[in-house]
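Here's the structure we're looking at; comments come further down.
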2 protein chains.
Amino acid sequence: MDLEALNGLLRPQSIAVVGASNKEGKIGYTVVKNLLDSHYEGVIYPINPTDSEILGLKAYPSVLDVPGTIDAATIIVPAKLVPMVTEECGKKGVKGLIIIASGFSEVGRQDLEKQVVDIAHSYGMRVLGPNIVGILSNSDLCNASFAPFLPLPGKAALVSQSGALLIAMDASTYTRRVGFDKMVSIGNMSDVNFADTIEWLDQDESTACISLYIEGLRNGRAFINAALNAVKPIIALKAGVSAHGAAAAASHTGSLAGSGKIYDTAFQQGGVVRASDLNNLFDRTLALSLQPPMQGDNMLIITNGGGVGVLATDAAERYGVPLRFAPADVQAELRKHMPEFGSAKNPVDLTGMAGKDWYYASVRFAFAHPWVDALAVLYCETAMTDPLEIAQGIKQALEDAGVEGKPVAVSFVGGEQSAAARKWLVENGIPAYDAPDVAINALAALREYARSRQMAAVPFQRYADVDEAAARQIIANARAHKNSSLTEIESKKIFRAYGMPVAMTELATTEDEAVQIAEQIGYPIVMKIMSHDILHKSDAGGVKVNVKNAEGAREAFRTIIANAKAYKADAVIEGVAVQEMAPWGTEVIVGSVNDPTFGPSVMFGLGGIFVEILKDVTFRVAPVSAEQSYKMLEEIKAGAILAGARGEEPRDRKALSEVLSRYSQMITDLGDEISESDANPVLVYEEGQGVKVVDARIILKK
Amino acid sequence: MDLEALNGLLRPQSIAVVGASNKEGKIGYTVVKNLLDSHYEGVIYPINPTDSEILGLKAYPSVLDVPGTIDAATIIVPAKLVPMVTEECGKKGVKGLIIIASGFSEVGRQDLEKQVVDIAHSYGMRVLGPNIVGILSNSDLCNASFAPFLPLPGKAALVSQSGALLIAMDASTYTRRVGFDKMVSIGNMSDVNFADTIEWLDQDESTACISLYIEGLRNGRAFINAALNAVKPIIALKAGVSAHGAAAAASHTGSLAGSGKIYDTAFQQGGVVRASDLNNLFDRTLALSLQPPMQGDNMLIITNGGGVGVLATDAAERYGVPLRFAPADVQAELRKHMPEFGSAKNPVDLTGMAGKDWYYASVRFAFAHPWVDALAVLYCETAMTDPLEIAQGIKQALEDAGVEGKPVAVSFVGGEQSAAARKWLVENGIPAYDAPDVAINALAALREYARSRQMAAVPFQRYADVDEAAARQIIANARAHKNSSLTEIESKKIFRAYGMPVAMTELATTEDEAVQIAEQIGYPIVMKIMSHDILHKSDAGGVKVNVKNAEGAREAFRTIIANAKAYKADAVIEGVAVQEMAPWGTEVIVGSVNDPTFGPSVMFGLGGIFVEILKDVTFRVAPVSAEQSYKMLEEIKAGAILAGARGEEPRDRKALSEVLSRYSQMITDLGDEISESDANPVLVYEEGQGVKVVDARIILKK
């Protein structure tokens with residue numbers, strides 16, 4: 001990343017406003033006024049062709065007339081003038097452009113947008129936008145946007161693809177009480193994209209959590225890599241996840257993928273925490289910006305009401321946080337701070353009689369106890385207790401516990417007094433919410449963050465024993481024959497070149513050849529017609545199974561050829577495939593798509609109804625390590641079948657994981673050639689007995 | 001329902017406060033003060049053994065000393081004194097008791113609680129509580145509780161099992177801006193339960209929506225019936241839905257049911273809308289209390305921002321509301337009120353330039369258009385538009401549209417101005433939220449309400465051609481032999497008595513008898529050992545299939561008996577079952593549990609892995625009509641298999657639905673006898689070919 005140029009763009013020491021105006025209501029007026037109102041301490045250069053002063057500042061006809069240096073130029077002129085302005089900025093030595101102007105790719109003018117970026121890059125400038133609101137930063141006292149004011153100060157940074165939503169979210173930081181240091185509008189992402197802003201914000205000292213509103217990514221791989229490299233938590237609200245568009249996908253695997261499923265796995269693989277909706281984005285951002293990740297599994301809930309305790313328990317199950325009873329010593333100590341009818345299990349119910357002292361004592365003890373990995377403190381407003389006092393007790397207890405690196409989240413259900421207590425807690429660094437499930441969801445976010453980081457920490461290791469050159473030669477041959485897909489035999493050769501155990505298959509063009517191959521493979525064998533003109537081999541009488549000897553092979557060869565000719569007189573017959581007859585095993589399917597956003601991605605599921613009717617499949621952006629692949633086997637609903645359900649022996653999941661991993665390497669290496677592929681079925685045998693790819697298919701890119 | 005007594009309890013004209021106190025901080029003080037502070041217009045009689053005046057009111061030593069009549073007595077004395085007070089109230093002719101006092105079943109004193117209810121009932125009094133906060137009613141200016149104030153006025157009524165949560169929710173009505181007319185705390189539900197309050201609130205003119213916080217129901221049937229009979233919308237937040245407790249269930253069907261799944265279906269069968277969490281309860285209550293149900297499927301979204309439009313689209317899919325493009329004429333008209341780069345499809349994007357006029361014109365037109373069944377109006381705060389003005393435009397447009405019976409929900413994302421606009425909208429009867437998905441969720445609630453009402457409107461029709469007496473005779477015989485479960489043959493006879501197609505099975509005790517039965521049934525047949533001492537028939541060599549003639553039947557009989565004796569020398573052998581050999585069909589499982597809350601409930605799923613590994617099953621509280629049963633076949637994930645997936649012929653779902661319905665009648669009629677039962681497998685044939693119950697099992701109640 002060109003850190004220097006992005007610094008100029010996102011923390012400019014001087015800003016030119018090209019298209020600055022004295023007319024109230026114009027964006028060129030608003031941006032200058034907002035810079036002044038936010039007490040920006042850098043130099044502001046309004047640029048206007050005629051006016052010599054704007055809002056009390058000296059104005060210049062062009063950036064070329066500005067005496068000092070310009071870090072960032074905010075551009076608010078008609079789209080057609082932007083290339084000229086960009087040229088001038090380049091000549092002036094501006095570092096980056098904040099192009100607020102619209103009228104580019106969002107209205108079909110990709111050409112104009114590309115022209116601007118090309119000019120900018122020729123001068124080494126970076127481009128934010130076009131079609132954006134601008135940038136806002138509390139720590140830099142900089143509102144270089146037409147959003148009316150800086151957000152409520154805080155430690156999060158928002159990057160939004162939607163300008164309108166950024167403005168509304170900016171305003172709502174004050175009512176939601178979630179603070180942000182920075183807000184960056186990235187609009188059309190002609191140059192600076194999510195990956196760039198993640199990298200930059202990750203090194204920005206005022207940012208503790210990177211919060212994203214995403215409609216679509218341009219380069220999914222760059223996004224995943226930037227996310228993986230970031231040390232700060234990243235949370236994303238992905239809009240546009242409905243099935244829309246999936247139906248258009250050509251293949252079976254493609255239609256199962258849709259866009260949503262690949263986004264889901266990509267975010268997870270990059271360690272990006274998801275937000276389910278707008279409120280959830282704010283709620284989780286608050287926790288991620290104020291609290292450390294939840295490193296273990298043990299969440300303790302302390303409450304003064306059975307009702308909110310039960311709601312929190314339900315939420316724990318819903319959000320995947322296991323809830324265990326606290327150990328005996330923890331229970332024994334906690335029991336000292338509650339009446340007899342309280343409960344020291346988990347949730348710990350201090351009862352409605354709990355005041356500041358009991359909250360203080362139980363929170364202080366529990367937070368310090370090594371068994372506790374995270375603490376949820378719930379309070380239900382009563383007529384007898386003062387919410388602010390309770391809040392202060394909680395804060396004091398957390399401080400006095402003297403431990404660090406554990407998260408806490410609080411819920412106060414009640415009226416205006418509780419709202420005031422929540423505000424006080426948030427201002428004191430403790431995320432506080434108005435419902436118990438929201439607090440649990442916030443802790444779940446901190447746990448998801450820790451867990452996806454751990455999972456992402458297992459990197460893919462390339463298999464060295466592969467023959468990429470041989471694979472490419474097979475594809476080149478097929479392309480030379482103008483074939484858009486490979487035959488089963490060709491496909492299997494490529495799978496084998498990547499070290500996958502494939503049921504041996506060779507093409508026989510004569511009876512003698514068939515016998516010769518069969519004897520190499522060993523009986524029994526399967527024989528199948530090979531013809532680009534015959535797709536449904538069985539219907540054509542073109543398949544013979546369980547062929548046991550040479551005599552049988554000769555007879556099968558003759559029958560298959562005769563049947564095929566009878567079925568379709570003008571069919572061009574390439575020969576008969578002679579194939580090892582694999583013993584029965586559990587049928588699974590491995591498939592791939594070449595996702596337009598994320599590139600080669602691997603799918604896994606059990607065969608037959610599991611894929612076709614239950615859609616019980618899982619995806620990963622390739623490549624994927626054998627360890628990660630193993631998790632894929634566990635995460636499908638039918639995973640128990642591979643684990644050995646119903647009294648069956650467990651299947652060889654280790655061997656299957658390796659096949660998935662090798663397959664993912666194959667589709668990655670050959671991502672420029674392979675559009676889709678699958679191995680269907682792959683037969684999985686008992687533990688230690690391995691797997692066998694029985695059929696394989698590769699479709700080439702156009 | 002005893003409406004008169006409940007009127008006295010829930011809308012009392014005069015209230016005695018037994019245990020009234022002059023000591024601040026005592027509940028007996030708070031309740032009298034709250035009645036005074038709420039400007040209660042009825043008569044208040046403080047009851048105190050020593051003080052003659054309480055908070056300026058004349059006090060009496062006992063209710064028996066009160067000169068006038070008493071509608072309701074609020075009881076705040078130690079638990080052990082409550083029976084005596086109840087006796088006195090009975091003698092005085094009090095209509096109902098509001099027992100705030102605790103120390104009853106919640107601490108194991110079921111005996112004391114029963115004693116109080118028995119005394120009350122002997123005098124015709126109803127009991128609310130014990131262990132409650134009290135009752136609150138804005139329209140009656142009555143705060144007969146120790147919650148500090150009446151809720152924000154509105155049209156909803158809250159019934160809560162948790163007192164602490166009721167107090168906190170009461171306070172939070174002011175911060176959440178969701179209004180309630182009444183709040184009723186029902187605590188231990190010793191007498192007045194959810195069903196009673198639903199019935200009473202349904203006829204209460206100040207209540208438009210009945211909102212429930214439920215931890216557990218006592219009588220599930222009464223609840224469903226009350227809900228079905230209510231004309232007002234009911235929404236329930238069920239706490240305690242986590243898996244807890246399901247593992248304890250004895251049988252397979254039982255463990256699949258858990259408590260959550262039966263609650264889910266029971267609420268749906270009763271037309272009760274669900275809330276997922278506390279915020280959702282408030283959000284949906286607001287919509288249900290202000291807006292009519294959504295009768296059709298067409299929701300139109302009008303927005304000023306693409307971002308919130310996309311988020312709303314995602315939410316529509318998530319909450320099951322289909323989103324279709326508006327018809328051409330609607331689009332053409334809407335296009336008049338937006339710039340060229342807007343969109344008239346659905347969401348209708350008026351763009352960020354939209355002010356009051358465009359909102360007015362598009363909302364007015366769309367709301368009046370017959371294609372539109374519901375309207376979601378979204379606004380994203382901009383620097384250029386005034387939220388309150390937009391809100392006023394929306395309100396005016398809805399009025400001027402001149403249509404009724406269609407719901408609308410609004411989302412304003414923004415800061416304090418938007419919050420003020422939302423408040424104004426709600427005060428004007430329009431549910432307004434702070435995020436687009438919440439508005440869509442609110443409309444989804446109004447749609448769920450309409451749909452579950454329609455579904456609930458198809459009643460179960462009893463099958464007349466059943467022989468309940470014969471079934472009971474079989475059970476009586478088994479009980480006479482001290483059997484806790486029925487044999488396969490007995491079970492099948494009961495299934496047959498309820499008109500289900502059962503694979504014919506008779507017991508043969510001799511070779512001759514076996515042949516005689518076989519010839520009645522027709523070959524081929526299956527023969528199986530019948531012995532209470534041999535559970536695993538196959539392991540004992542006790543099963544012979546495909547027996548084709550009399551000779552075979554004799555030989556099979558001898559072999560089976562010999563094998564059984566060899567397997568277990570001391571086994572008591574009842575004979576050999578001779579059974580019709582049913583041709584292969586799709587295997588399904590029909591099962592039942594006798595749920596402690598809801599009684600006999602039917603389960604349905606596909607056989608094998610579908611039930612055992614994928615847990616792909618669905619439930620209904622019995623009885624269930626054939627039409628409803630048909631929906632069960634569709635709602636399991638594997639439903640497509642019955643519909644004829646993968647080129648197979650569709651299965652006879654009509655015949656299967658009838659079997660489910662007859663089965664549900666059987667377990668209902670015999671609910672006092674049958675604990676669990678199943679038909680496993682039931683074979684389902686092609687359309688018109690019917691189904692066959694191959695094996696059946698009935699376990700009796702202890």
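Chain labels run A, B, ... following the order of the structure tokens; each chain numbers its residues from 1, and ligands are numbered from 1 in the order shown.
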
Sorted by chain and rising residue number, list the residues of chain A at most 7 Å from chain B (counting only C-alpha atoms), each with its closest atom pair and distance in Å to one decimal, as CSV.
residue,atom,partner,partner_atom,distance
A:Ala147,CA,B:Ala383,CA,6.4
A:Pro148,CA,B:Ala383,CA,6.0
A:Ser162,CA,B:Gly307,CA,5.8
A:Ala164,CA,B:Gly305,CA,6.1
A:Leu165,CA,B:Gly307,CA,6.1
A:Ile167,CA,B:Thr382,CA,6.4
A:Ala168,CA,B:Gly414,CA,4.4
A:Met169,CA,B:Gly414,CA,6.1
A:Ala171,CA,B:Gly415,CA,4.2
A:Ser172,CA,B:Gly415,CA,4.0
A:Tyr174,CA,B:Gly415,CA,6.2
A:Thr175,CA,B:Gly415,CA,5.7
A:Ala239,CA,B:Leu311,CA,5.6
A:Gly240,CA,B:Val310,CA,5.7
A:Val241,CA,B:Asp314,CA,6.0
A:Ser242,CA,B:Asp314,CA,5.3
A:Leu278,CA,B:Ala435,CA,6.4
A:Asn279,CA,B:Ala435,CA,6.9
A:Gly305,CA,B:Ala164,CA,6.1
A:Gly307,CA,B:Ser162,CA,5.8
A:Val310,CA,B:Gly240,CA,5.7
A:Leu311,CA,B:Ala239,CA,5.6
A:Asp314,CA,B:Ser242,CA,5.3
A:Glu317,CA,B:Ser242,CA,6.3
A:Cys380,CA,B:Ala168,CA,5.7
A:Glu381,CA,B:Ala168,CA,4.8
A:Thr382,CA,B:Ile167,CA,6.4
A:Ala383,CA,B:Pro148,CA,6.1
A:Val413,CA,B:Ala168,CA,5.7
A:Gly414,CA,B:Ala168,CA,4.4
A:Gly415,CA,B:Ser172,CA,4.0
A:Glu416,CA,B:Thr175,CA,6.2
A:Ala435,CA,B:Leu278,CA,6.4
A:Ile613,CA,B:Ala640,CA,6.7
A:Leu614,CA,B:Lys637,CA,6.3
A:Lys637,CA,B:Leu614,CA,6.3
A:Ala638,CA,B:Leu614,CA,6.5
A:Ala640,CA,B:Ile613,CA,6.8

Keeping only C-alpha atoms, take the residues you just selected and write them out as an mmCIF file, in the first residue's frame.
data_model
loop_
_atom_site.group_PDB
_atom_site.id
_atom_site.type_symbol
_atom_site.label_atom_id
_atom_site.label_comp_id
_atom_site.auth_asym_id
_atom_site.auth_seq_id
_atom_site.Cartn_x
_atom_site.Cartn_y
_atom_site.Cartn_z
ATOM 1 C CA ALA A 147 -22.536 15.691 6.029
ATOM 2 C CA PRO A 148 -23.668 18.406 8.447
ATOM 3 C CA SER A 162 -23.554 4.445 0.449
ATOM 4 C CA ALA A 164 -26.830 8.720 1.967
ATOM 5 C CA LEU A 165 -26.538 6.082 4.642
ATOM 6 C CA ILE A 167 -24.975 10.942 6.440
ATOM 7 C CA ALA A 168 -27.908 9.343 8.262
ATOM 8 C CA MET A 169 -25.605 7.131 10.345
ATOM 9 C CA ALA A 171 -26.528 11.941 12.607
ATOM 10 C CA SER A 172 -27.704 8.822 14.398
ATOM 11 C CA TYR A 174 -25.828 10.974 18.725
ATOM 12 C CA THR A 175 -29.123 9.204 19.338
ATOM 13 C CA ALA A 239 -26.316 -5.277 1.966
ATOM 14 C CA GLY A 240 -27.841 -7.116 -0.964
ATOM 15 C CA VAL A 241 -27.695 -10.661 0.358
ATOM 16 C CA SER A 242 -31.052 -11.785 -1.020
ATOM 17 C CA LEU A 278 -28.117 -1.612 10.854
ATOM 18 C CA ASN A 279 -28.824 -1.721 14.592
ATOM 19 C CA GLY A 305 -34.094 -10.484 37.405
ATOM 20 C CA GLY A 307 -36.875 -12.732 33.298
ATOM 21 C CA VAL A 310 -33.902 -16.336 30.808
ATOM 22 C CA LEU A 311 -33.939 -14.011 27.801
ATOM 23 C CA ASP A 314 -32.082 -17.925 25.037
ATOM 24 C CA GLU A 317 -28.032 -20.335 22.492
ATOM 25 C CA CYS A 380 -33.732 -4.677 35.213
ATOM 26 C CA GLU A 381 -34.889 -1.291 36.540
ATOM 27 C CA THR A 382 -36.709 -1.561 39.871
ATOM 28 C CA ALA A 383 -38.556 0.964 41.967
ATOM 29 C CA VAL A 413 -33.742 -2.482 30.762
ATOM 30 C CA GLY A 414 -35.748 0.489 31.964
ATOM 31 C CA GLY A 415 -36.736 4.089 31.379
ATOM 32 C CA GLU A 416 -34.950 7.421 31.324
ATOM 33 C CA ALA A 435 -32.043 -5.406 26.131
ATOM 34 C CA ILE A 613 -33.010 -31.360 -2.392
ATOM 35 C CA LEU A 614 -31.631 -30.311 0.972
ATOM 36 C CA LYS A 637 -25.986 -30.871 8.481
ATOM 37 C CA ALA A 638 -25.241 -34.370 7.225
ATOM 38 C CA ALA A 640 -22.773 -36.798 11.315
#

Distance of CA of Asn594 in chain B from CA of Arg662 in chain B, expressed in Å to one decimal place: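 Going from CA of Arg662 in chain B over to CA of Asn594 in chain B, I get 16.3 Å.
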
Selection near Pro46 in chain B, 8 Å with only C-alpha atoms, sequence-local residues under 6 positions removed, as an mmCIF file with C-alpha atoms, in the first residue's frame:
data_model
loop_
_atom_site.group_PDB
_atom_site.id
_atom_site.type_symbol
_atom_site.label_atom_id
_atom_site.label_comp_id
_atom_site.auth_asym_id
_atom_site.auth_seq_id
_atom_site.Cartn_x
_atom_site.Cartn_y
_atom_site.Cartn_z
ATOM 1 C CA ALA B 16 -59.105 -2.508 49.252
ATOM 2 C CA VAL B 17 -55.366 -2.491 49.978
ATOM 3 C CA VAL B 18 -54.905 -5.185 52.586
ATOM 4 C CA GLY B 19 -51.578 -4.519 54.237
ATOM 5 C CA ALA B 20 -51.613 -0.772 53.524
ATOM 6 C CA VAL B 32 -51.766 3.254 48.129
ATOM 7 C CA GLU B 53 -55.575 6.729 58.471
ATOM 8 C CA ILE B 54 -53.164 5.980 55.639
ATOM 9 C CA LEU B 57 -57.395 8.031 53.601
ATOM 10 C CA LYS B 58 -59.565 6.447 56.286
ATOM 11 C CA ALA B 59 -58.212 2.968 57.058
ATOM 12 C CA TYR B 60 -60.005 -0.110 58.423
#

Picked from range 53-114 of chain A by DSSP as strand (DSSP E), as a list of chain:residue names: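 Assigned to strand (DSSP E), within range 53-114 of chain A: A:Glu53, A:Ile54, A:Leu57, A:Lys58, A:Ala72, A:Ala73, A:Thr74, A:Ile75, A:Gly96, A:Leu97, A:Ile98, A:Ile99.
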
Contacts of Gly607 in chain A at 12 Å (only C-alpha atoms; same-chain gap of 6+ positions) as number ranges by chain: A: 585-591, 613-617, 638, 641-642, 678-684
